[in-house]
$ cat input.pdb   # PDB, C-alpha atoms
MODEL        1
ATOM      1  CA  MET A 137       3.921  -8.486  11.945
ATOM      2  CA  VAL A 138       1.893 -10.787   9.728
ATOM      3  CA  ARG A 139       2.170 -11.905   6.135
ATOM      4  CA  VAL A 140      -0.703 -10.585   4.042
ATOM      5  CA  HIS A 141      -1.639 -12.621   0.972
ATOM      6  CA  THR A 142      -3.640 -10.763  -1.675
ATOM      7  CA  PRO A 143      -4.720 -11.675  -5.205
ATOM      8  CA  VAL A 144      -1.824  -9.494  -6.446
ATOM      9  CA  GLY A 145       0.990 -10.658  -4.131
ATOM     10  CA  SER A 146       2.128 -10.875  -0.524
ATOM     11  CA  ALA A 147       4.270  -9.003   1.998
ATOM     12  CA  ALA A 148       4.837  -8.558   5.735
ATOM     13  CA  ALA A 149       2.925  -5.791   7.527
ATOM     14  CA  VAL A 150       1.783  -4.711  10.990
ATOM     15  CA  TRP A 151      -1.473  -6.356  12.163
ATOM     16  CA  ARG A 152      -3.854  -3.933  13.921
ATOM     17  CA  GLY A 153      -6.628  -6.419  14.694
ATOM     18  CA  GLU A 154      -7.079  -8.716  17.670
ATOM     19  CA  PRO A 155      -4.010 -10.931  18.175
ATOM     20  CA  HIS A 156      -6.088 -14.134  18.144
ATOM     21  CA  ASP A 157      -7.604 -13.130  14.754
ATOM     22  CA  ARG A 158      -4.277 -12.934  12.884
ATOM     23  CA  ALA A 159      -4.726 -16.223  11.030
ATOM     24  CA  GLY A 160      -7.440 -16.693   8.444
ATOM     25  CA  ARG A 161      -9.157 -14.691   5.746
ATOM     26  CA  HIS A 162     -10.079 -11.057   6.391
ATOM     27  CA  HIS A 163     -11.234  -7.929   4.633
ATOM     28  CA  ILE A 164      -8.548  -5.381   5.421
ATOM     29  CA  GLU A 165      -7.971  -1.677   5.168
ATOM     30  CA  TRP A 166      -4.416  -0.674   4.330
ATOM     31  CA  THR A 167      -2.920   2.272   6.225
ATOM     32  CA  ILE A 168       0.528   3.469   5.213
ATOM     33  CA  ASP A 169       2.223   6.027   7.428
ATOM     34  CA  GLN A 170       4.520   7.554   4.838
ATOM     35  CA  GLU A 171       3.945  10.173   2.186
ATOM     36  CA  ILE A 172       4.929   9.434  -1.355
ATOM     37  CA  ARG A 173       7.849  11.346  -2.804
ATOM     38  CA  TRP A 174       8.433  11.110  -6.510
ATOM     39  CA  GLY A 175      11.983   9.936  -7.255
ATOM     40  CA  LEU A 176      12.657   8.884  -3.648
ATOM     41  CA  ASN A 177      10.176   6.178  -2.609
ATOM     42  CA  THR A 178       7.934   6.370  -5.697
ATOM     43  CA  ARG A 179       8.845   5.739  -9.334
ATOM     44  CA  SER A 180       7.291   4.726 -12.629
ATOM     45  CA  ALA A 181       6.406   1.047 -12.668
ATOM     46  CA  PRO A 182       8.330  -1.077 -15.176
ATOM     47  CA  SER A 183       5.036  -2.719 -16.168
ATOM     48  CA  ALA A 184       1.301  -2.114 -15.809
ATOM     49  CA  GLY A 185      -0.725  -4.199 -13.401
ATOM     50  CA  PRO A 186      -1.190  -4.214  -9.636
ATOM     51  CA  GLY A 187       1.267  -5.977  -7.357
ATOM     52  CA  VAL A 188       2.442  -6.414  -3.768
ATOM     53  CA  ARG A 189       5.902  -7.780  -2.968
ATOM     54  CA  GLU A 190       8.921  -7.486  -0.724
ATOM     55  CA  GLU A 191      12.206  -6.221  -2.091
ATOM     56  CA  ALA A 192      15.374  -5.405  -0.152
ATOM     57  CA  GLY A 193      13.500  -5.496   3.163
ATOM     58  CA  ARG A 194      10.784  -3.098   1.995
ATOM     59  CA  VAL A 195       7.167  -3.480   0.896
ATOM     60  CA  VAL A 196       6.621  -2.506  -2.744
ATOM     61  CA  LEU A 197       3.107  -1.654  -3.904
ATOM     62  CA  ARG A 198       2.465  -1.332  -7.645
ATOM     63  CA  GLY A 199      -0.707   0.262  -8.944
ATOM     64  CA  ARG A 200      -2.284   3.121 -10.855
ATOM     65  CA  LEU A 201      -1.945   6.410  -8.981
ATOM     66  CA  GLN A 202      -4.715   9.027  -9.048
ATOM     67  CA  LEU A 203      -4.159  12.470  -7.528
ATOM     68  CA  THR A 204      -7.047  13.992  -5.571
ATOM     69  CA  GLU A 205      -8.209  17.618  -5.509
ATOM     70  CA  ASP A 206      -6.999  18.055  -1.921
ATOM     71  CA  GLY A 207      -3.371  17.130  -2.705
ATOM     72  CA  ALA A 208      -3.467  13.474  -1.680
ATOM     73  CA  ALA A 209      -3.236  10.399  -3.900
ATOM     74  CA  VAL A 210      -5.081   7.099  -4.211
ATOM     75  CA  LEU A 211      -3.236   3.979  -5.321
ATOM     76  CA  GLU A 212      -5.487   1.495  -7.111
ATOM     77  CA  LEU A 213      -4.100  -1.828  -5.910
ATOM     78  CA  GLY A 214      -6.277  -4.440  -7.571
ATOM     79  CA  ASP A 215      -9.631  -4.329  -5.756
ATOM     80  CA  ALA A 216      -8.167  -2.200  -2.935
ATOM     81  CA  ARG A 217      -7.616   1.547  -2.768
ATOM     82  CA  VAL A 218      -4.806   2.951  -0.599
ATOM     83  CA  LEU A 219      -4.759   6.626   0.366
ATOM     84  CA  PHE A 220      -1.415   8.462   0.549
ATOM     85  CA  ASP A 221      -0.245  11.915   1.482
ATOM     86  CA  VAL A 222       1.905  13.449  -1.245
ATOM     87  CA  GLY A 223       5.163  15.295  -0.695
ATOM     88  CA  PRO A 224       6.870  17.495  -3.267
ATOM     89  CA  PRO A 225       7.292  17.052  -6.133
ATOM     90  CA  PRO A 226       3.908  15.521  -6.993
ATOM     91  CA  PRO A 227       3.949  12.333  -9.065
ATOM     92  CA  PRO A 228       2.352  12.186 -12.515
ATOM     93  CA  ASP A 229      -1.403  11.645 -12.311
ATOM     94  CA  GLY A 230      -2.929   8.463 -13.717
ATOM     95  CA  THR A 231       0.313   6.525 -14.168
ATOM     96  CA  TRP A 232       1.417   3.098 -13.005
ATOM     97  CA  VAL A 233       3.852   3.504 -10.115
ATOM     98  CA  GLU A 234       5.752   1.501  -7.542
ATOM     99  CA  ILE A 235       5.825   2.813  -3.977
ATOM    100  CA  SER A 236       8.464   1.383  -1.631
ATOM    101  CA  VAL A 237       7.952   1.658   2.158
ATOM    102  CA  GLU A 238       9.332   0.160   5.359
ATOM    103  CA  PRO A 239       7.214  -2.824   6.527
ATOM    104  CA  ASP A 240       6.590  -1.256   9.948
ATOM    105  CA  ARG A 241       4.819   1.671   8.227
ATOM    106  CA  VAL A 242       2.301  -0.645   6.542
ATOM    107  CA  GLU A 243      -0.658  -1.449   8.814
ATOM    108  CA  LEU A 244      -3.547  -3.814   8.213
ATOM    109  CA  HIS A 245      -6.896  -3.109   9.881
ATOM    110  CA  PRO A 246      -9.459  -5.932   9.603
ATOM    111  CA  TYR A 247     -13.134  -5.132   9.153
ATOM    112  CA  GLN A 248     -16.368  -6.955   8.464
ATOM    113  CA  LEU A 249     -18.727  -6.243   5.595
TER     114      LEU A 249
ENDMDL
END
$ encode --input "input.pdb" --output "structure tokens"
Amino acid sequence: MVRVHTPVGSAAAVWRGEPHDRAGRHHIEWTIDQEIRWGLNTRSAPSAGPGVREEAGRVVLRGRLQLTEDGAAVLELGDARVLFDVGPPPPPDGTWVEISVEPDRVELHPYQL
């Protein structure tokens, strides 16, 4: 586990890069191994604007959610985009949401531009 600091907040997540590269600045790809379920782990955000935080031992991601034609969803999280599988019932398209997941389901994959 590492603490990721982003322009929109910070939280603990699983590091999937080289162990010796954990410290420092990186471009990362977010991978979240949990589908979103409206009313269970996903709800309307109390305010607009992207955010990352920890709450009650979980990682909470706040962003604008866009549904895709193939039944998935993309969360716009500041400059990042996070792809999710969607379980029933589908969330409202184009709304600000908060998605709450266990920290061990949030993985960070470093990459170079």
$ residues_around --input "input.pdb" --residues "A:Trp166" --least-positions-apart "4" --cutoff "10 Å" --atoms "only C-alpha atoms" --output "MDAnalysis selection string"
chainID A and resid 149:150 216:219 242:246
$ resolve_selection --input "input.pdb" --expression "the PyMOL selection byres ((chain A and resi 177-179) around 10)" --output "count of residues only"
22
$ resolve_selection --input "input.pdb" --expression "the PyMOL selection byres ((chain A and resi 145) around 8)" --output "MDAnalysis selection string"
chainID A and resid 141:144 146:147 187:189
$ closest_residue --input "input.pdb" --among "A:Ala208, A:Val222, A:Val195, A:Leu203" --to "A:Ala148" --atoms "all atoms listed in the file"
A:Val195
$ atom_distance --input "input.pdb" --atom1 "atom CA of A:Asp240" --atom2 "atom CA of A:Arg139"
12.1 Å
$ atom_distance --input "input.pdb" --atom1 "atom CA of A:Ala159" --atom2 "atom CA of A:Glu191"
23.6 Å
$ closest_residue --input "input.pdb" --among "A:Thr167, A:Asp221, A:Gly160, A:Asp229" --to "A:Gly199" --atoms "all atoms listed in the file"
A:Asp229
$ atom_distance --input "input.pdb" --atom1 "atom CA of A:Pro186" --atom2 "atom CA of A:Asp215"
9.3 Å
